[in-house]
There are 4 protein chains.
Amino acid sequence: MGTACLQGLKTIFKTTSDVLIYPASGTGAWEAALVNTLSPGDRVVIFESGQFASLWSKMAKGLTLKVDAITGDWRRGADADKLRAKLEEDRQHEIKAVMVVHNETSTGVKSDIAAIRKAMDAAKHPALLLVDTISSLASMDYRHDGWGVDVTVCGSQKGLMLPPGLSFNAISGKAVAASKSSLLPKSYWRWEEMLEANRKGFFPYTPATNMLFGLREALKILIEEEGLDNVFRRHDRHAEATRRAVSAWGLEVFAQCPEQFSSSLTAVLLPGGFDEAELRAIILRHFNMSLGAGLGQLAGKVFRIGHLGHFNDLMLAGTLSGVEMGLELAGVPHRKGGVAAALDYLTERARD
Amino acid sequence: MGTACLQGLKTIFKTTSDVLIYPASGTGAWEAALVNTLSPGDRVVIFESGQFASLWSKMAKGLTLKVDAITGDWRRGADADKLRAKLEEDRQHEIKAVMVVHNETSTGVKSDIAAIRKAMDAAKHPALLLVDTISSLASMDYRHDGWGVDVTVCGSQKGLMLPPGLSFNAISGKAVAASKSSLLPKSYWRWEEMLEANRKGFFPYTPATNMLFGLREALKILIEEEGLDNVFRRHDRHAEATRRAVSAWGLEVFAQCPEQFSSSLTAVLLPGGFDEAELRAIILRHFNMSLGAGLGQLAGKVFRIGHLGHFNDLMLAGTLSGVEMGLELAGVPHRKGGVAAALDYLTERARD
Amino acid sequence: MGTACLQGLKTIFKTTSDVLIYPASGTGAWEAALVNTLSPGDRVVIFESGQFASLWSKMAKGLTLKVDAITGDWRRGADADKLRAKLEEDRQHEIKAVMVVHNETSTGVKSDIAAIRKAMDAAKHPALLLVDTISSLASMDYRHDGWGVDVTVCGSQKGLMLPPGLSFNAISGKAVAASKSSLLPKSYWRWEEMLEANRKGFFPYTPATNMLFGLREALKILIEEEGLDNVFRRHDRHAEATRRAVSAWGLEVFAQCPEQFSSSLTAVLLPGGFDEAELRAIILRHFNMSLGAGLGQLAGKVFRIGHLGHFNDLMLAGTLSGVEMGLELAGVPHRKGGVAAALDYLTERARD
Amino acid sequence: MGTACLQGLKTIFKTTSDVLIYPASGTGAWEAALVNTLSPGDRVVIFESGQFASLWSKMAKGLTLKVDAITGDWRRGADADKLRAKLEEDRQHEIKAVMVVHNETSTGVKSDIAAIRKAMDAAKHPALLLVDTISSLASMDYRHDGWGVDVTVCGSQKGLMLPPGLSFNAISGKAVAASKSSLLPKSYWRWEEMLEANRKGFFPYTPATNMLFGLREALKILIEEEGLDNVFRRHDRHAEATRRAVSAWGLEVFAQCPEQFSSSLTAVLLPGGFDEAELRAIILRHFNMSLGAGLGQLAGKVFRIGHLGHFNDLMLAGTLSGVEMGLELAGVPHRKGGVAAALDYLTERARD
């Protein structure tokens with residue numbers, strides 16, 4: 001079963017290299033990406049494009065790395081030009097890794113990983129590219145090999161439709177090579193023994209067996225039953241329908257650039273003076289629906305609508321209905337008709 | 001556990017008399033009501049108020065009873081005046097039982113059981129009152145004792161939120177007395193041994209054990225966690241929201257009298273020329289939602305929206321969204337805005 | 001799914017005729033066999049070979065049939081010679097059906113159905129042959145067609161490894177023909193509409209859907225994964241091991257003829273003065289194992305060890321260990337070594 | 001729910017200090033114990049009393065600690081006198097921690113943690129005491145506070161009867177104090193944020209939610225339903241019964257000192273020339289039972305019988321029956337009667 005899971009994951013990550021499975025949540029796979037490839041004091045660049053990127057950045061500092069953060073407006077994704085400039089300045093190649101979150105769960109902003117890779121190549125810089133896909137993998141198109149990523153990090157509880165408790169590293173040959181000289185202390189996360197045991201379909205320590213049974217089923221559903229391209233199209237459709245609802249309400253999608261809109265979740269700005277926590281509490285109390293909170297600097301300002309994983313048109317309609325009624329109950333200034341706009345779009349797409 | 005289930009069911013049926021549990025679907029409990037109280041050739045009156053009433057009527061005939069059917073428009077419930085007239089004519093008291101379906105699953109029309117009882121009392125007629133509550137019990141107010149019902153029939157798979165496979169008879173003292181002289185052959189359905197075994201918490205033959213575990217949980221949820229009155233209010237709210245959607249679409253609710261509107265399902269008339277089967281097929285294909293078909297004489301004309309059991313506001317919003325989009329895709333003449341009208345109503349009620 | 005279940009059941013019953021599925025426990029399928037083929041006052045012969053045969057006999061009387069019981073020692077199965085004599089006497093062919101329990105769950109005695117058929121044929125008697133296989137089907141070889149049975153009755157909760165709640169009739173063409181003129185009132189159990197609906201993969205009333213999912217899995221396990229012949233061999237092995245344990249304990253198997261030993265359960269006689277209820281209570285209290293009680297005239301005298309369904313060698317060893325320790329704790333005179341004798345046999349058979 | 005789990009775990013660990021829950025397998029909790037309390041290059045003493053102790057030792061080295069291993073016969077537990085001598089020599093208090101496995105899963109040897117604590121106190125040495133209880137907690141008596149342990153490590157999949165995927169650290173105030181100055185890099189395992197979030201019933205990153213639901217049930221079963229003392233007595237009884245079987249077979253329990261016999265598993269030495277892998281393969285093939293392999297230096301020599309967690313007398317009887325039959329089939333020289341000896345003991349104890 002281990003082997004079936006490991007093979008199926010390669011299809012999901014779009015890689016021919018190895019994928020490793022940890023009995024851990026996604027945060028553990030972040031740590032694995034760092035401790036396997038880097039050494040104490042190594043310099044890394046990270047796009048602090050949202051709350052999760054900031055937490056990953058904080059983790060890197062905690063692990064004694066020198067973190068060079070590219071900050072900016074959380075409403076936009078990673079800026080490939082800024083990265084190129086920074087890398088070109090780094091003549092000594094002190095920067096060992098570039099860390100990007102593909103899809104910021106706190107903001108609903110997607111970064112263009114292919115563009116990041118292109119910038120690194122243009123700068124002829126040998127840093128590793130480490131990418132977090134926790135809220136994008138198996139919901140939105142992602143290409144570990146095609147985009148030249150060195151370590152891709154993911155977890156089980158979003159696109160893979162499982163409970164939390166498994167996380168993953170997809171690793172390039174270059175990442176494996178880097179791991180040979182990496183000096184950060186590691187044991188649980190060490191790729192080497194994991195890869196060795198995996199080769200025989202085993203694990204170096206007790207795996208989360210029951211989760212692997214679930215993973216095998218999830219992979220079958222995604223790859224064989226629905227098909228990855230259909231999965232992506234479904235998420236794109238739901239995201240667009242959500243944005244049409246937001247727009248009809250007269251509210252603002254937090255993400256600013258259309259090409260960076262996330263297909264797995266949408267963060268919505270509340271008009272000044274209205275607290276998202278209050279809105280969410282009202283919706284939870286009346287409709288038993290729990291929306292995503294504003295995180296970090298977005299607390300109080302933004303609420304998030306998730307539309308990923310095991311999800312269909314009518315679940316989305318129910319979700320948006322809960323939001324529309326909640327806005328009314330909370331007295332948030334808005335226009336009605338968000339759900340209607342979403343239904344119009346979904347109907348039109350159903351005709352295709 | 002048997003005892004806990006039998007006690008809880010009394011609360012649900014609102015009776016202090018006995019309730020019996022059969023390992024069978026609801027149709028079996030129909031049969032039990034007849035074979036325990038009647039003798040070959042007995043005359044019974046039944047309101048053929050819909051497809052299920054007609055099937056029960058057909059069953060009665062198959063069991064050698066003489067069936068006196070009060071037919072009429074399926075769009076209206078049982079007519080107490082007609083019954084009274086019929087009973088008053090029956091000077092010899094040849095009519096042994098009156099059969100009524102409380103809530104016709106094929107039409108969404110509710111009959112007034114208290115009025116039926118009153119008519120029987122006014123006619124001073126000793127016939128038994130047998131009532132089918134398959135799609136109303138535990139969704140809409142029902143009072144076995146309060147309304148003077150002799151045998152109430154129900155099944156597990158609607159208001160009780162279980163899989164199909166259990167069915168019930170709640171029986172009055174008068175029904176038990178009638179069973180002593182009933183001559184219809186019976187064994188599986190025979191109350192006598194069942195009551196005797198139940199007294200010790202046992203069953204005269206193998207019960208559907210796993211279903212009883214489920215029943216115990218369902219009773220706990222209905223009685224202790226949500227509370228029956230809240231359950232009824234929730235169903236009333238969803239039914240009204242559904243009717244507001246239907247009305248906004250410019251379509252017609254099949255039931256004609258407001259006081260007879262069902263709170264557990266709504267049947268909707270399609271404008272002439274449109275086949276409900278086609279509409280339902282489109283909705284199933286595009287939105288993976290299976291609506292109720294037009295049954296019997298309503299085939300092709302009526303589709304049914306269920307809103308009962310484990311169901312909440314956002315599920316209803318999703319359901320109505322599926323219908324609204326389906327109407328559009330099927331080219332059924334209608335106005336948009338049904339979902340919006342339902343949301344307005346639900347929002348208003350959430351304020352209460 | 002209905003169709004898959006109905007097809008698989010044919011393989012299990014070894015028939016090319018129809019099999020019907022009732023949402024009911026086995027007792028319901030007994031009733032179905034009678035009410036579909038017989039008319040009020042019809043004469044039937046039944047071998048009252050144990051408690052369940054007696055209950056079936058009682059049911060037949062309750063359904064107004066004239067029951068001609070062949071009684072006898074419960075320690076022996078149906079006597080084909082007695083039947084032949086009785087049928088030959090019945091020159092007018094008043095006897096309409098012969099009822100036999102293939103494997104008496106109360107005694108662990110198996111009857112030879114092929115011999116019964118041969119006796120009926122030798123007597124040139126047209127009575128129908130109705131057989132209960134509740135505790136034998138899918139555990140012991142059974143051949144609806146090969147043995148010329150007209151109605152075979154079974155339930156879900158033994159060899160089919162499901163919860164109770166489904167039961168079955170396998171019916172010959174001759175049984176179907178008889179049903180055309182049968183006059184016993186019936187509706188729930190009526191074959192006609194059931195067969196008609198089944199032909200399209202449907203049911204005339206709500207089936208026990210969740211159980212059908214389970215049935216489909218059980219059929220797959222029995223037919224495809226283990227294979228029926230292996231299933232039978234496994235039960236034969238466990239039964240023989242159990243008898244060796246009983247014999248080593250110095251106790252007596254209740255069944256008297258080796259060719260009539262059941263492979264699905266073994267009833268054991270306790271030496272005079274010892275009450276099986278006490279023994280079973282001790283075993284339940286100390287080892288959380290519930291053995292079968294002595295039923296009817298065997299109450300107090302016999303306990304029963306079930307070894308059927310989802311069961312393997314080590315479960316049997318655990319079961320016999322519980323009995324051996326219980327005999328000791330209850331002070332029942334016995335020799336030790338029953339488990340050891342069973343293990344010797346199982347070891348020997350494992351070498352094959 | 002988080003709070004309920006954290007409280008219940010304190011009862012299980014017998015501590016009033018904090019317990020932390022990681023979404024990880026037990027190996028992760030080993031790492032957490034080390035990285036939170038120690039700094040690169042710190043000297044630790046570990047009793048390499050079996051395969052798992054050796055793996056923990058290897059992990060410590062991998063994390064840059066200087067490991068001072070007390071080796072010895074794997075057939076005996078940790079030697080408190082040797083530890084005392086070593087600590088008394090360490091005048092500079094360079095040794096920062098003592099690592100002991102309470103119950104070696106590879107050998108079935110239990111170490112006396114109270115004696116270890118006493119030796120440390122006698123030596124007046126300030127090292128921390130770190131204890132692995134992966135295969136003992138909730139099966140055998142263990143006292144985090146009473147025995148003066150600083151960090152206790154455990155996992156979910158043994159005594160706690162859950163799937164693998166959660167692991168634990170119970171931590172003393174002294175351990176928390178040490179964590180303030182610990183310099184090993186850490187993030188996922190860092191106690192500080194975990195303790196802070198736990199205080200409000202939260203977790204600093206996504207917990208393995210579904211496992212927490214299971215944990216809550218397991219704690220209820222252990223603490224409220226069976227009671228910890230009864231749980232321990234049950235394991236003691238099964239372990240003694242197993243050893244009597246081993247002795248009756250003429251085989252040797254691997255553990256050498258009766259006071260060090262594990263109550264959760266028993267390792268058995270095979271006579272020279274017989275390979276445990278072959279024996280286990282035969283038992284798996286014939287009886288579908290998977291025994292524990294010989295690990296590390298015990299490969300080929302020792303097989304292990306687990307008797308922990310959700311386990312009762314008859315499961316044990318089935319287990320020992322599988323071993324006894326396997327020994328015969330594999331041609332391992334032995335005497336019969338092991339199961340019989342175990343049953344004698346269990347019967348005797350049932351009388352108590």
# chains A, B, ... in the order shown; residues from 1 in each chain; ligands from 1
>>> closest_atom_pairs(of="chain C", to="chain D", cutoff="9 Å", atoms="only C-alpha atoms", output="tab-separated table")
residue	atom	partner	partner_atom	distance
C:His286	CA	D:Ala350	CA	6.5
C:Phe287	CA	D:Asp313	CA	6.5
C:Asn288	CA	D:Asn312	CA	8.6
C:Met289	CA	D:Leu314	CA	8.5
C:Asn312	CA	D:Phe287	CA	7.6
C:Asp313	CA	D:Phe287	CA	6.5
C:Leu314	CA	D:Gly318	CA	4.6
C:Met315	CA	D:Gly318	CA	6.0
C:Leu316	CA	D:Gly318	CA	7.5
C:Ala317	CA	D:Gly318	CA	5.1
C:Gly318	CA	D:Gly318	CA	4.4
C:Thr319	CA	D:Leu314	CA	6.8
C:Leu320	CA	D:Leu314	CA	8.8
C:Ser321	CA	D:Ala317	CA	6.4
C:Gly322	CA	D:Leu314	CA	6.2
C:Glu324	CA	D:Leu343	CA	8.3
C:Met325	CA	D:Thr347	CA	5.6
C:Gly326	CA	D:Thr347	CA	8.0
C:Glu328	CA	D:Thr347	CA	7.4
C:Leu329	CA	D:Thr347	CA	6.9
C:Lys336	CA	D:Ala340	CA	8.3
C:Gly337	CA	D:Ala340	CA	7.3
C:Val339	CA	D:Ala340	CA	7.6
C:Ala340	CA	D:Ala340	CA	7.0
C:Leu343	CA	D:Met325	CA	6.7
C:Asp344	CA	D:Met325	CA	7.8
C:Leu346	CA	D:Met325	CA	7.9
C:Thr347	CA	D:Met325	CA	5.6
C:Glu348	CA	D:Leu329	CA	8.5
C:Ala350	CA	D:His286	CA	6.6
C:Arg351	CA	D:Leu329	CA	7.2
>>> residues_around(residues="Glu192 of chain B", least_positions_apart="4", cutoff="10 Å", atoms="only C-alpha atoms", output="ChimeraX atom specification")
/B:36,176,179-180,187,196-198,204
>>> select_by_dssp(residues="segment 73-291 of chain B", states="strand (DSSP E)", output="MDAnalysis selection string")
chainID B and resid 95:101 103:104 109:110 128:132 151:155 166:171 252:253 265:269
>>> write_last_selection(atoms="N, CA, C and O atoms", output="short mmCIF file (atom, residue, chain, number, x, y, z; two decimals), in the first residue's frame")
data_model
loop_
_atom_site.label_atom_id
_atom_site.label_comp_id
_atom_site.auth_asym_id
_atom_site.auth_seq_id
_atom_site.Cartn_x
_atom_site.Cartn_y
_atom_site.Cartn_z
N ILE B 95 -68.56 -0.40 8.56
CA ILE B 95 -67.21 0.13 8.34
C ILE B 95 -66.39 -0.12 9.60
O ILE B 95 -66.78 0.30 10.70
N LYS B 96 -65.30 -0.83 9.43
CA LYS B 96 -64.50 -1.19 10.60
C LYS B 96 -63.30 -0.28 10.82
O LYS B 96 -62.75 -0.21 11.92
N ALA B 97 -62.89 0.37 9.74
CA ALA B 97 -61.71 1.23 9.92
C ALA B 97 -61.71 2.36 8.89
O ALA B 97 -62.22 2.21 7.78
N VAL B 98 -61.13 3.47 9.31
CA VAL B 98 -60.90 4.61 8.43
C VAL B 98 -59.39 4.76 8.27
O VAL B 98 -58.67 4.81 9.27
N MET B 99 -58.94 4.80 7.02
CA MET B 99 -57.50 4.88 6.76
C MET B 99 -57.16 6.23 6.13
O MET B 99 -57.73 6.62 5.11
N VAL B 100 -56.21 6.91 6.74
CA VAL B 100 -55.80 8.23 6.24
C VAL B 100 -54.28 8.32 6.21
O VAL B 100 -53.61 7.83 7.12
N VAL B 101 -53.78 8.97 5.19
CA VAL B 101 -52.35 9.29 5.16
C VAL B 101 -52.20 10.71 5.69
O VAL B 101 -52.80 11.63 5.14
N ASN B 103 -49.58 12.73 5.79
CA ASN B 103 -48.82 13.62 4.92
C ASN B 103 -48.49 12.84 3.66
O ASN B 103 -47.66 11.94 3.69
N GLU B 104 -49.16 13.16 2.57
CA GLU B 104 -48.96 12.39 1.33
C GLU B 104 -47.61 12.71 0.72
O GLU B 104 -47.36 13.84 0.25
N VAL B 109 -49.34 17.14 0.49
CA VAL B 109 -50.58 17.62 1.11
C VAL B 109 -50.76 16.91 2.46
O VAL B 109 -50.66 15.70 2.55
N LYS B 110 -51.05 17.71 3.45
CA LYS B 110 -51.24 17.22 4.82
C LYS B 110 -52.74 17.14 5.10
O LYS B 110 -53.49 18.04 4.73
N LEU B 128 -62.23 2.09 13.61
CA LEU B 128 -60.87 2.42 14.04
C LEU B 128 -60.29 3.48 13.12
O LEU B 128 -60.62 3.52 11.92
N LEU B 129 -59.39 4.29 13.65
CA LEU B 129 -58.72 5.29 12.81
C LEU B 129 -57.25 4.88 12.62
O LEU B 129 -56.48 4.80 13.59
N LEU B 130 -56.91 4.58 11.38
CA LEU B 130 -55.55 4.13 11.05
C LEU B 130 -54.85 5.23 10.25
O LEU B 130 -55.38 5.67 9.23
N VAL B 131 -53.67 5.65 10.71
CA VAL B 131 -53.01 6.79 10.07
C VAL B 131 -51.57 6.47 9.67
O VAL B 131 -50.80 5.95 10.47
N ASP B 132 -51.23 6.81 8.44
CA ASP B 132 -49.86 6.67 7.93
C ASP B 132 -49.13 7.99 8.17
O ASP B 132 -49.59 9.05 7.72
N VAL B 151 -54.28 3.25 15.18
CA VAL B 151 -52.99 2.70 14.77
C VAL B 151 -52.28 3.76 13.94
O VAL B 151 -52.82 4.26 12.96
N THR B 152 -51.07 4.10 14.36
CA THR B 152 -50.23 5.00 13.58
C THR B 152 -49.09 4.19 12.98
O THR B 152 -48.43 3.41 13.68
N VAL B 153 -48.86 4.39 11.70
CA VAL B 153 -47.87 3.65 10.95
C VAL B 153 -46.70 4.58 10.61
O VAL B 153 -46.94 5.71 10.20
N CYS B 154 -45.47 4.10 10.81
CA CYS B 154 -44.33 4.92 10.38
C CYS B 154 -43.14 4.04 10.00
O CYS B 154 -43.15 2.83 10.23
N GLY B 155 -42.14 4.65 9.40
CA GLY B 155 -40.91 3.95 9.01
C GLY B 155 -39.69 4.72 9.50
O GLY B 155 -39.81 5.82 10.03
N LEU B 166 -36.62 -0.34 9.34
CA LEU B 166 -37.46 -0.49 10.54
C LEU B 166 -38.79 0.17 10.23
O LEU B 166 -38.85 1.17 9.52
N SER B 167 -39.87 -0.38 10.80
CA SER B 167 -41.13 0.34 10.74
C SER B 167 -41.92 0.11 12.02
O SER B 167 -41.55 -0.75 12.83
N PHE B 168 -42.96 0.91 12.21
CA PHE B 168 -43.58 1.02 13.52
C PHE B 168 -45.11 1.00 13.45
O PHE B 168 -45.70 1.45 12.47
N ASN B 169 -45.71 0.51 14.50
CA ASN B 169 -47.14 0.67 14.78
C ASN B 169 -47.27 1.23 16.18
O ASN B 169 -46.75 0.63 17.14
N ALA B 170 -47.94 2.39 16.31
CA ALA B 170 -48.34 2.84 17.65
C ALA B 170 -49.80 2.45 17.76
O ALA B 170 -50.57 2.67 16.80
N ILE B 171 -50.19 1.83 18.87
CA ILE B 171 -51.53 1.24 18.91
C ILE B 171 -52.30 1.63 20.17
O ILE B 171 -51.80 1.58 21.28
N GLU B 252 -46.24 26.72 -9.47
CA GLU B 252 -47.34 26.50 -8.57
C GLU B 252 -47.04 25.34 -7.62
O GLU B 252 -46.61 24.27 -8.07
N VAL B 253 -47.28 25.58 -6.34
CA VAL B 253 -47.20 24.48 -5.39
C VAL B 253 -48.41 23.59 -5.65
O VAL B 253 -49.52 24.08 -5.86
N LEU B 265 -42.13 18.06 2.68
CA LEU B 265 -41.80 18.06 1.24
C LEU B 265 -42.77 18.96 0.51
O LEU B 265 -43.88 19.20 0.97
N THR B 266 -42.34 19.45 -0.64
CA THR B 266 -43.17 20.32 -1.47
C THR B 266 -43.20 19.77 -2.89
O THR B 266 -42.14 19.57 -3.49
N ALA B 267 -44.41 19.50 -3.38
CA ALA B 267 -44.54 19.08 -4.77
C ALA B 267 -44.83 20.31 -5.61
O ALA B 267 -45.59 21.18 -5.20
N VAL B 268 -44.21 20.38 -6.77
CA VAL B 268 -44.30 21.56 -7.62
C VAL B 268 -44.82 21.14 -8.99
O VAL B 268 -44.33 20.19 -9.59
N LEU B 269 -45.83 21.88 -9.46
CA LEU B 269 -46.41 21.62 -10.79
C LEU B 269 -45.54 22.26 -11.86
O LEU B 269 -45.16 23.42 -11.74
#
>>> atom_distance(atom1="atom CA of Ile113 of chain B", atom2="atom CA of Ala175 of chain B")
16.9 Å
>>> residues_around(residues="Leu184 of chain D", least_positions_apart="4", cutoff="6 Å", atoms="only C-alpha atoms", output="number ranges by chain")
D: 35, 39-40
>>> residues_around(residues="Ala119 of chain C", least_positions_apart="6", cutoff="12 Å", atoms="only C-alpha atoms", output="PyMOL selection string")
chain C and resi 78-88+98+112-113+125-127+129+147-148
>>> select_by_dssp(residues="segment 23-261 of chain A", states="helix (DSSP H, G or I)", output="MDAnalysis selection string")
chainID A and resid 26:37 51:62 80:89 113:122 173:181 191:199 209:226 228:248 258:260
